[in-house]
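This is run-v6.txt. It holds compact mmCIF, C-alpha atoms.
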```txt
# COMPACT_ATOMS: atom_id res chain seq x y z
CA MET A 1 -7.31 158.33 -6.55
CA ALA A 2 -3.96 156.76 -7.03
CA LYS A 3 -3.93 153.03 -7.71
CA LYS A 4 -2.06 150.82 -5.33
CA PRO A 5 0.96 149.22 -6.92
CA LEU A 6 0.52 145.50 -7.57
CA PRO A 7 2.73 143.24 -5.49
CA LYS A 8 5.70 141.90 -7.33
CA ARG A 9 5.65 138.14 -8.14
CA ARG A 10 8.38 136.28 -6.40
CA ALA A 11 10.78 134.54 -8.75
CA THR A 12 10.77 130.80 -8.43
CA SER A 13 14.08 129.17 -7.83
CA GLY A 14 13.27 125.63 -9.10
CA PRO A 15 11.23 123.82 -11.76
CA THR A 16 7.43 123.98 -11.67
CA VAL A 17 5.39 120.92 -10.73
CA SER A 18 4.49 120.49 -14.43
CA SER A 19 8.08 120.62 -15.69
CA ALA A 20 9.25 118.32 -12.90
CA SER A 21 6.54 115.81 -13.83
CA SER A 22 7.55 115.97 -17.49
CA ALA A 23 11.19 115.39 -16.63
CA LYS A 24 10.21 112.44 -14.45
CA SER A 25 8.08 110.94 -17.26
CA ALA A 26 10.88 111.38 -19.79
CA SER A 27 13.33 109.74 -17.41
CA ALA A 28 10.94 106.82 -16.84
CA ALA A 29 10.39 106.38 -20.58
CA LYS A 30 14.14 106.42 -21.18
CA ALA A 31 14.65 103.77 -18.50
CA ALA A 32 11.85 101.62 -19.97
CA ILE A 33 13.38 101.82 -23.45
CA ALA A 34 16.81 100.89 -22.10
CA ALA A 35 15.30 97.93 -20.23
CA SER A 36 13.44 96.77 -23.36
CA GLU A 37 16.56 97.05 -25.48
CA ALA A 38 18.54 95.04 -22.91
CA GLU A 39 15.80 92.39 -22.88
CA LEU A 40 15.84 92.21 -26.68
CA ARG A 41 19.63 91.77 -26.71
CA ARG A 42 19.29 88.95 -24.20
CA LEU A 43 16.51 87.28 -26.22
CA ASP A 44 18.46 87.68 -29.45
CA GLN A 45 21.38 85.81 -27.93
CA GLU A 46 19.08 83.01 -26.73
CA ILE A 47 17.34 82.77 -30.09
CA LEU A 48 20.66 82.70 -31.92
CA LYS A 49 21.91 79.83 -29.75
CA LEU A 50 18.66 77.87 -30.23
CA ILE A 51 18.60 78.44 -33.99
CA ASN A 52 22.11 77.06 -34.31
CA LYS A 53 21.29 74.13 -31.99
CA ARG A 54 18.26 73.38 -34.17
CA ALA A 55 20.42 73.60 -37.30
CA ALA A 56 23.06 71.27 -35.85
CA ALA A 57 20.42 68.71 -34.83
CA THR A 58 18.87 68.87 -38.31
CA ALA A 59 22.27 68.28 -39.95
CA LYS A 60 22.96 65.36 -37.59
CA LEU A 61 19.62 63.77 -38.52
CA ILE A 62 20.35 64.15 -42.25
CA GLU A 63 23.81 62.62 -41.83
CA ALA A 64 22.33 59.66 -39.91
CA THR A 65 19.69 58.92 -42.58
CA PRO A 66 20.79 55.88 -44.65
CA ASP A 67 19.27 57.38 -47.79
CA ARG A 68 20.83 60.84 -47.94
CA ARG A 69 18.41 62.04 -50.62
CA ALA A 70 15.46 61.08 -48.40
CA GLY A 71 17.01 63.12 -45.62
CA LEU A 72 17.28 66.11 -47.89
CA TYR A 73 13.82 65.80 -49.44
CA ASP A 74 10.89 64.62 -47.29
CA PRO A 75 7.75 66.67 -48.03
CA ARG A 76 5.48 64.75 -45.65
CA LYS A 77 7.85 65.22 -42.71
CA ASP A 78 8.17 68.91 -43.54
CA ASP A 79 4.39 69.38 -43.76
CA ASP A 80 3.82 67.49 -40.49
CA LEU A 81 6.41 69.73 -38.79
CA PHE A 82 4.84 72.94 -40.09
CA THR A 83 1.35 71.77 -39.08
CA ALA A 84 2.54 70.98 -35.55
CA ILE A 85 4.37 74.31 -35.24
CA GLU A 86 1.37 76.27 -36.47
CA ALA A 87 -0.89 74.45 -34.00
CA ALA A 88 1.48 75.22 -31.10
CA ASN A 89 2.04 78.86 -32.14
CA PRO A 90 0.62 81.15 -29.40
CA GLY A 91 1.02 84.31 -31.52
CA PRO A 92 1.16 87.17 -32.15
CA LEU A 93 3.19 86.09 -35.22
CA PRO A 94 0.89 84.65 -37.92
CA ALA A 95 1.26 81.01 -38.98
CA ARG A 96 2.78 81.97 -42.33
CA ALA A 97 5.58 83.94 -40.67
CA VAL A 98 6.40 81.17 -38.18
CA ARG A 99 6.39 78.58 -40.97
CA GLY A 100 8.76 80.75 -42.97
CA ILE A 101 11.24 81.01 -40.10
CA PHE A 102 11.46 77.25 -39.60
CA ARG A 103 11.48 76.57 -43.34
CA GLN A 104 14.44 78.88 -43.78
CA ILE A 105 16.43 77.16 -41.01
CA ILE A 106 15.81 73.74 -42.56
CA SER A 107 16.55 75.02 -46.08
CA ALA A 108 19.84 76.57 -44.99
CA VAL A 109 21.00 73.35 -43.30
CA ARG A 110 20.09 71.18 -46.28
CA ASN A 111 21.91 73.57 -48.58
CA GLN A 112 25.04 73.19 -46.43
CA VAL A 113 24.84 69.40 -46.63
CA ARG A 114 24.15 69.39 -50.38
CA VAL A 115 23.00 72.19 -52.65
CA GLN A 116 19.56 71.42 -54.11
CA ARG A 117 19.05 72.86 -57.58
CA VAL A 118 15.40 73.54 -58.39
CA ALA A 119 14.20 74.77 -61.79
CA TYR A 120 10.91 76.67 -61.87
CA LEU A 121 8.76 78.64 -64.27
CA GLY A 122 10.08 82.17 -63.75
CA PRO A 123 10.97 84.97 -63.60
CA SER A 124 11.50 85.63 -59.91
CA PHE A 125 8.39 86.40 -57.86
CA SER A 126 6.08 84.50 -60.18
CA PHE A 127 3.59 82.29 -58.36
CA THR A 128 5.65 79.23 -59.29
CA HIS A 129 8.61 80.93 -57.60
CA MET A 130 6.45 81.38 -54.46
CA ALA A 131 5.52 77.68 -54.61
CA SER A 132 9.21 76.70 -54.96
CA ILE A 133 10.11 78.73 -51.87
CA GLU A 134 7.21 77.16 -49.98
CA ARG A 135 8.60 73.68 -50.62
CA PHE A 136 12.38 74.19 -50.76
CA GLY A 137 13.05 77.47 -48.94
CA GLU A 138 15.11 80.41 -50.13
CA SER A 139 18.48 78.74 -49.50
CA ALA A 140 17.94 76.20 -52.28
CA ASP A 141 19.48 77.07 -55.65
CA LEU A 142 16.28 78.23 -57.36
CA ILE A 143 16.72 78.50 -61.14
CA PRO A 144 14.14 80.51 -63.14
CA VAL A 145 13.47 79.37 -66.72
CA ASN A 146 11.15 80.78 -69.36
CA THR A 147 8.80 77.88 -70.12
CA ILE A 148 7.30 74.78 -68.54
CA ALA A 149 9.07 72.70 -71.20
CA ALA A 150 12.39 74.21 -70.08
CA VAL A 151 11.72 73.13 -66.48
CA PHE A 152 11.28 69.53 -67.67
CA GLU A 153 14.39 69.74 -69.84
CA GLU A 154 16.55 71.06 -66.98
CA VAL A 155 15.55 68.12 -64.78
CA ASN A 156 15.75 65.55 -67.58
CA ARG A 157 19.31 66.60 -68.46
CA GLY A 158 20.40 66.47 -64.83
CA HIS A 159 20.97 70.22 -64.62
CA ALA A 160 18.47 70.43 -61.75
CA ASP A 161 17.52 67.97 -59.00
CA PHE A 162 13.86 69.01 -59.07
CA GLY A 163 11.48 71.14 -61.06
CA VAL A 164 8.32 72.97 -60.02
CA VAL A 165 5.49 73.44 -62.52
CA PRO A 166 1.78 74.30 -62.23
CA ILE A 167 -0.46 71.33 -62.96
CA GLU A 168 -4.01 72.37 -62.04
CA ASN A 169 -5.98 75.45 -61.00
CA SER A 170 -9.28 75.39 -59.12
CA THR A 171 -10.72 78.04 -61.46
CA ASP A 172 -9.26 77.17 -64.87
CA GLY A 173 -8.54 73.45 -64.50
CA ARG A 174 -5.60 71.69 -66.17
CA ILE A 175 -2.34 73.29 -67.27
CA ILE A 176 -1.97 71.90 -70.78
CA ASP A 177 1.77 72.55 -71.21
CA THR A 178 2.56 70.51 -68.09
CA LEU A 179 0.42 67.54 -69.12
CA ASP A 180 1.94 67.62 -72.61
CA MET A 181 5.47 67.36 -71.21
CA PHE A 182 4.56 64.30 -69.16
CA THR A 183 3.69 62.55 -72.43
CA ARG A 184 7.11 63.43 -73.85
CA LEU A 185 9.71 62.93 -71.08
CA PRO A 186 10.16 60.12 -68.53
CA LEU A 187 9.96 62.29 -65.43
CA ARG A 188 7.93 61.60 -62.33
CA ILE A 189 5.95 63.61 -59.80
CA CYS A 190 7.58 63.33 -56.38
CA GLY A 191 5.58 65.98 -54.53
CA GLU A 192 2.97 68.69 -54.76
CA ILE A 193 2.39 72.18 -53.41
CA GLN A 194 -1.07 73.69 -53.15
CA LEU A 195 -0.91 77.47 -52.99
CA ALA A 196 -3.71 79.98 -52.45
CA ILE A 197 -3.41 82.40 -55.38
CA HIS A 198 -4.36 86.02 -54.71
CA HIS A 199 -4.12 88.33 -57.70
CA ASN A 200 -3.52 92.06 -57.34
CA LEU A 201 -3.71 94.95 -59.79
CA LEU A 202 -0.33 96.69 -59.74
CA GLY A 203 0.85 99.91 -61.38
CA LYS A 204 2.79 103.16 -61.05
CA CYS A 205 -0.02 105.43 -62.22
CA PRO A 206 -3.53 105.89 -60.77
CA ARG A 207 -6.04 103.18 -61.63
CA GLY A 208 -8.07 105.52 -63.86
CA GLU A 209 -5.05 106.18 -66.10
CA ILE A 210 -4.40 102.53 -66.96
CA THR A 211 -5.07 101.72 -70.61
CA GLU A 212 -3.39 98.27 -70.81
CA ILE A 213 -3.23 95.39 -68.33
CA TYR A 214 -0.64 92.64 -68.73
CA SER A 215 -0.52 89.20 -67.18
CA LYS A 216 -0.31 85.52 -68.05
CA PRO A 217 -3.49 84.12 -69.66
CA GLN A 218 -4.48 82.09 -66.59
CA ALA A 219 -4.27 85.12 -64.29
CA LEU A 220 -6.37 87.25 -66.66
CA SER A 221 -8.91 84.45 -66.89
CA GLN A 222 -9.12 84.10 -63.11
CA CYS A 223 -9.90 87.84 -62.81
CA ARG A 224 -12.08 88.30 -65.88
CA ASP A 225 -15.32 89.25 -64.04
CA TRP A 226 -13.57 91.80 -61.83
CA LEU A 227 -11.75 93.28 -64.82
CA SER A 228 -14.91 93.60 -66.91
CA ARG A 229 -16.69 95.41 -64.05
CA ASN A 230 -13.86 97.62 -62.82
CA MET A 231 -11.46 98.13 -65.75
CA PRO A 232 -13.61 98.03 -68.91
CA GLN A 233 -11.47 100.73 -70.57
CA ALA A 234 -8.24 98.68 -70.35
CA ARG A 235 -6.96 96.36 -73.06
CA LEU A 236 -5.92 92.93 -71.70
CA ILE A 237 -2.65 91.57 -73.05
CA ASP A 238 -1.15 88.09 -72.50
CA VAL A 239 2.49 87.69 -71.47
CA THR A 240 4.49 84.67 -70.32
CA SER A 241 4.32 85.30 -66.57
CA THR A 242 2.95 87.59 -63.88
CA SER A 243 6.51 88.77 -63.12
CA THR A 244 7.02 89.81 -66.75
CA ALA A 245 3.76 91.74 -66.47
CA ALA A 246 5.08 93.54 -63.38
CA GLN A 247 8.28 94.48 -65.21
CA LEU A 248 6.24 95.99 -68.04
CA ALA A 249 4.06 97.93 -65.60
CA ARG A 250 7.23 99.37 -64.07
CA ASP A 251 8.70 100.42 -67.43
CA LYS A 252 5.70 101.51 -69.55
CA PRO A 253 3.41 104.46 -68.76
CA GLY A 254 -0.31 103.72 -68.48
CA VAL A 255 0.27 100.00 -67.91
CA GLY A 256 -1.05 97.81 -65.10
CA ALA A 257 -0.17 94.25 -64.18
CA ILE A 258 -1.91 91.40 -62.44
CA ALA A 259 0.66 89.80 -60.15
CA SER A 260 1.57 88.97 -56.57
CA LYS A 261 2.20 91.38 -53.70
CA GLN A 262 5.80 90.16 -53.69
CA ALA A 263 6.15 91.30 -57.31
CA ALA A 264 4.86 94.74 -56.29
CA GLY A 265 7.66 95.06 -53.76
CA GLU A 266 10.31 93.71 -56.12
CA TYR A 267 9.45 96.02 -59.03
CA GLY A 268 8.50 99.15 -57.07
CA LEU A 269 4.80 99.14 -57.97
CA ASN A 270 1.75 100.30 -56.06
CA ILE A 271 -1.02 97.85 -55.22
CA LEU A 272 -4.03 99.49 -56.84
CA ALA A 273 -6.49 96.72 -55.93
CA GLU A 274 -6.00 93.63 -53.76
CA SER A 275 -7.32 90.07 -54.20
CA ILE A 276 -9.17 90.68 -57.46
CA GLU A 277 -9.52 86.98 -58.32
CA ASP A 278 -13.15 86.04 -58.99
CA ASN A 279 -12.92 82.86 -56.92
CA LYS A 280 -11.74 83.71 -53.41
CA ASP A 281 -10.78 80.05 -52.89
CA ASN A 282 -8.48 80.17 -55.92
CA ILE A 283 -5.91 77.36 -55.49
CA THR A 284 -3.15 76.29 -57.87
CA ARG A 285 -1.61 72.86 -57.45
CA PHE A 286 2.05 72.65 -58.42
CA ALA A 287 3.91 69.42 -59.17
CA VAL A 288 7.44 68.78 -57.97
CA ILE A 289 9.07 66.75 -60.74
CA GLY A 290 12.20 64.64 -60.55
CA ASP A 291 13.42 61.07 -60.79
CA LYS A 292 13.22 60.17 -57.09
CA PRO A 293 10.44 57.76 -55.98
CA VAL A 294 8.81 58.63 -52.66
CA GLY A 295 7.70 55.99 -50.16
CA PRO A 296 4.18 55.71 -48.72
CA THR A 297 3.11 58.01 -45.90
CA GLY A 298 -0.51 56.94 -45.38
CA GLN A 299 -1.79 60.20 -46.90
CA ASP A 300 -0.76 59.83 -50.52
CA ARG A 301 -1.86 60.58 -54.04
CA THR A 302 -0.95 58.58 -57.16
CA SER A 303 -0.93 60.16 -60.63
CA VAL A 304 -1.37 57.98 -63.70
CA LEU A 305 -1.04 58.57 -67.45
CA LEU A 306 -3.38 56.18 -69.30
CA GLN A 307 -4.16 55.49 -72.94
CA ILE A 308 -7.00 53.04 -73.54
CA PRO A 309 -8.48 51.63 -76.77
CA HIS A 310 -10.54 54.25 -78.61
CA LYS A 311 -13.83 52.35 -78.52
CA PRO A 312 -17.21 52.58 -76.77
CA GLY A 313 -17.18 51.58 -73.10
CA ALA A 314 -13.39 51.55 -72.67
CA LEU A 315 -13.34 54.48 -70.23
CA SER A 316 -16.41 53.20 -68.38
CA ASP A 317 -14.74 49.80 -67.88
CA THR A 318 -11.64 51.53 -66.48
CA LEU A 319 -13.62 53.66 -64.06
CA MET A 320 -15.50 50.60 -62.83
CA ILE A 321 -12.19 49.24 -61.50
CA PHE A 322 -11.97 52.16 -59.06
CA LYS A 323 -15.57 51.67 -57.95
CA GLN A 324 -15.14 47.96 -57.32
CA LEU A 325 -11.95 48.45 -55.31
CA LYS A 326 -13.39 51.49 -53.48
CA ILE A 327 -10.56 53.80 -54.55
CA ASN A 328 -11.38 57.48 -54.70
CA LEU A 329 -10.54 59.03 -58.07
CA THR A 330 -9.90 62.73 -57.37
CA TRP A 331 -9.02 64.11 -60.82
CA ILE A 332 -9.31 63.06 -64.46
CA GLU A 333 -8.38 65.00 -67.59
CA SER A 334 -8.36 63.97 -71.24
CA PHE A 335 -5.62 65.01 -73.64
CA PRO A 336 -5.81 64.35 -77.42
CA LEU A 337 -3.11 62.16 -78.90
CA ARG A 338 -0.45 63.85 -80.98
CA GLY A 339 -0.08 62.94 -84.65
CA PRO A 340 -2.45 61.02 -86.93
CA GLU A 341 -3.61 58.50 -84.28
CA THR A 342 -7.19 58.99 -83.03
CA GLY A 343 -7.88 58.87 -79.31
CA TYR A 344 -6.96 60.38 -75.98
CA VAL A 345 -4.51 60.11 -73.14
CA PHE A 346 -6.08 60.40 -69.70
CA PHE A 347 -4.43 61.87 -66.64
CA MET A 348 -5.82 60.53 -63.38
CA ASP A 349 -5.21 61.20 -59.71
CA LEU A 350 -6.33 58.69 -57.13
CA GLU A 351 -6.01 58.43 -53.38
CA GLY A 352 -3.38 56.02 -52.11
CA HIS A 353 0.18 54.95 -52.91
CA MET A 354 1.20 52.67 -55.76
CA LYS A 355 2.57 50.24 -53.16
CA ASP A 356 -0.82 49.96 -51.42
CA ALA A 357 -2.43 46.60 -52.17
CA LYS A 358 -5.67 48.07 -53.57
CA VAL A 359 -3.90 50.63 -55.73
CA LYS A 360 -1.46 48.02 -57.03
CA LYS A 361 -4.38 45.76 -57.97
CA ALA A 362 -6.15 48.62 -59.77
CA LEU A 363 -3.01 49.44 -61.76
CA ASP A 364 -2.55 45.79 -62.71
CA GLU A 365 -6.16 45.50 -63.90
CA MET A 366 -5.93 48.72 -65.93
CA ALA A 367 -2.71 47.49 -67.55
CA GLN A 368 -4.48 44.42 -68.96
CA SER A 369 -6.50 46.51 -71.42
CA ALA A 370 -4.39 49.70 -71.67
CA VAL A 371 -2.56 50.76 -74.79
CA ARG A 372 -0.19 52.71 -72.57
CA ILE A 373 -0.06 53.15 -68.80
CA GLU A 374 2.55 55.01 -66.75
CA VAL A 375 2.54 55.79 -63.05
CA LEU A 376 3.67 59.40 -62.96
CA GLY A 377 4.32 59.15 -59.25
CA SER A 378 2.99 58.46 -55.76
CA TYR A 379 3.58 61.26 -53.28
CA ALA A 380 2.28 62.84 -50.09
CA ARG A 381 -0.87 64.91 -50.43
CA SER A 382 -0.48 68.53 -49.35
CA GLU A 383 -2.88 71.05 -47.86
CA PRO A 384 -3.41 74.49 -49.41
CA ARG A 385 -1.09 77.17 -48.03
CA GLU A 386 -1.58 80.91 -47.93
```
As structure tokens, what does this structure read like?
Amino acid sequence: MAKKPLPKRRATSGPTVSSASSAKSASAAKAAIAASEAELRRLDQEILKLINKRAAATAKLIEATPDRRAGLYDPRKDDDLFTAIEAANPGPLPARAVRGIFRQIISAVRNQVRVQRVAYLGPSFSFTHMASIERFGESADLIPVNTIAAVFEEVNRGHADFGVVPIENSTDGRIIDTLDMFTRLPLRICGEIQLAIHHNLLGKCPRGEITEIYSKPQALSQCRDWLSRNMPQARLIDVTSTSTAAQLARDKPGVGAIASKQAAGEYGLNILAESIEDNKDNITRFAVIGDKPVGPTGQDRTSVLLQIPHKPGALSDTLMIFKQLKINLTWIESFPLRGPETGYVFFMDLEGHMKDAKVKKALDEMAQSAVRIEVLGSYARSEPRE
């Protein structure tokens, strides 16, 4: 029996429902993108106008300030501004990013009024470099030097307006080189920066191939438990800075470095392990050094260098002064005297400004029995920053 021929399918003359829907979706997406791009161009123009208005108002305020240097350097006012901005920030940008935007605007304006030269313990992308940017912004003339002593020398000779040096770490305590320089040169602390320090293992090779790990002694110390558990095969080698360590990890096979994430980006390294510091609340306090006294803000710290007679009870008598006047002593470190003389120099931090009545009385009473007493500076207390 012959099969009936199948009916021929009629050719369609237009697009199918599916292809028409796809074309419509593509057209809608294209229109949405164009609308978004137009909105971004409009917002960019508004932001640009507001940034420049903000810059002009900042410059006008600096020009109107009787003390020009105070207009160019006011840590308490900066910190209050950043705190207020962070509190008002609705997101989604994180506080650190918003702070960085405003800091850069202010830094650029100040640099136009007068270039601020800031020496710091380098190289670039060391943690001291990060602290310098946090306080002065990237528009300041940031000058890396090789040692803490060199930072002091640059400021003392007038080659830099300010210097930034580490003074204390929450894990390892005092920074000896910094305290030593305060005994040698007549410079003062005119500010502080407290920075959360997160160490990272960086390298170009896989973690298992690393045979040597470089970093500065303090960084290795702050990661010693993690390193002993996770990298027991690697030899630990001291270098002058975390940035130097990153350079070595870039150039030498089988080498890792403990350094910042910023150093990883700068030197083309992979982050093999993040936040390897043993103390997750690892804070380093940096001192801003210079010759400019800072007025009271109501939230101040005073640093004192003190040498007392080397005899029983001398330190106890000094500490009793703080108890009687109800002054909170927040930090004390001893430092042996140089040369043949027996005894110690003490570094003390106390709450309050040297112009406060109670603090002034305490300093006067300490001076009556001190062999040597120097106020290293009164300055606004800072809060730790990420």
Exercise for review: Write out as a ChimeraX atom specification each polymer residue whose atoms come within 6 Å of Thr242 of chain A, counting all atoms listed in the file; drop sequence neighbours fewer than 4 positions from it.
Suggested key: /A:126,215-216,259
Dump as a JSON list (two decimals), in the coordinates of the input, selection limited to C-alpha atoms:
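In the end it all went to selection.json:
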```
[["chain", "number", "residue", "atom", "x", "y", "z"],
["A", 126, "SER", "CA", 6.08, 84.50, -60.18],
["A", 215, "SER", "CA", -0.52, 89.20, -67.18],
["A", 216, "LYS", "CA", -0.31, 85.52, -68.05],
["A", 259, "ALA", "CA", 0.66, 89.80, -60.15]]
```
Practice item. Step by step: start from the point (14.5, 65.2, -46.7) in the file's coordinates, keep every protein, DNA or RNA residue that has an atom no farther than 12 Å from it, count all atoms listed in the file, and write the set as a ChimeraX atom specification. Key: /A:58-59,61-79,106-107,109-111,113-114,116,135-136,191,292,294-295
**Study point:** Exercise: residues within 7 Å of coordinate (15.8, 76.4, -60.6), counting all atoms listed in the file, as a VMD selection string
**Key:** chain A and resid 117 to 120 141 to 144 160 163
Would you write out those residues with C-alpha atoms, as an mmCIF file, keeping the file's coordinate frame?
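Here's the written file again_14.cif:
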```
data_model
loop_
_atom_site.group_PDB
_atom_site.id
_atom_site.type_symbol
_atom_site.label_atom_id
_atom_site.label_comp_id
_atom_site.auth_asym_id
_atom_site.auth_seq_id
_atom_site.Cartn_x
_atom_site.Cartn_y
_atom_site.Cartn_z
ATOM 1 C CA ARG A 117 19.050 72.860 -57.580
ATOM 2 C CA VAL A 118 15.400 73.540 -58.390
ATOM 3 C CA ALA A 119 14.200 74.770 -61.790
ATOM 4 C CA TYR A 120 10.910 76.670 -61.870
ATOM 5 C CA ASP A 141 19.480 77.070 -55.650
ATOM 6 C CA LEU A 142 16.280 78.230 -57.360
ATOM 7 C CA ILE A 143 16.720 78.500 -61.140
ATOM 8 C CA PRO A 144 14.140 80.510 -63.140
ATOM 9 C CA ALA A 160 18.470 70.430 -61.750
ATOM 10 C CA GLY A 163 11.480 71.140 -61.060
#
```
**Study point:** Among the residues A:Lys360, A:Arg385, A:Arg207, A:Arg157, the one that comes closest to Leu185 of chain A [using all atoms listed in the file]
**Key:** A:Arg157
Practice item. Would you work out the distance separating atom CA of Glu39 of chain A from atom CA of Ala26 of chain A, expressed in Å to one decimal? Key: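 Computing the Euclidean distance for atom CA of Glu39 of chain A and atom CA of Ala26 of chain A yields 19.9 Å.
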Point to revise | Shortest interatomic distance to Glu209 of chain A - which of A:Thr183, A:Thr342, A:Ser275, A:Gln233, counting only C-alpha atoms | key: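 Comparing A:Thr183, A:Thr342, A:Ser275, A:Gln233 against Glu209 of chain A, the winner is A:Gln233.
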Review point. Given the choices A:Arg99, A:Ile105, A:Ala87, A:Ser22, which gets closest to Asn52 of chain A if the distance is worked out from all atoms listed in the file?
Key: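 Among A:Arg99, A:Ile105, A:Ala87, A:Ser22, it is A:Ile105 that comes nearest to Asn52 of chain A.
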Review point. Can you tell me, as a VMD selection string, what residues are no more than 7 Å from segment 351-359 of chain A when counting all atoms listed in the file, ignoring any on the same chain fewer than 3 positions away?
Key: chain A and resid 296 299 to 302 325 327 to 329 362 to 363 378
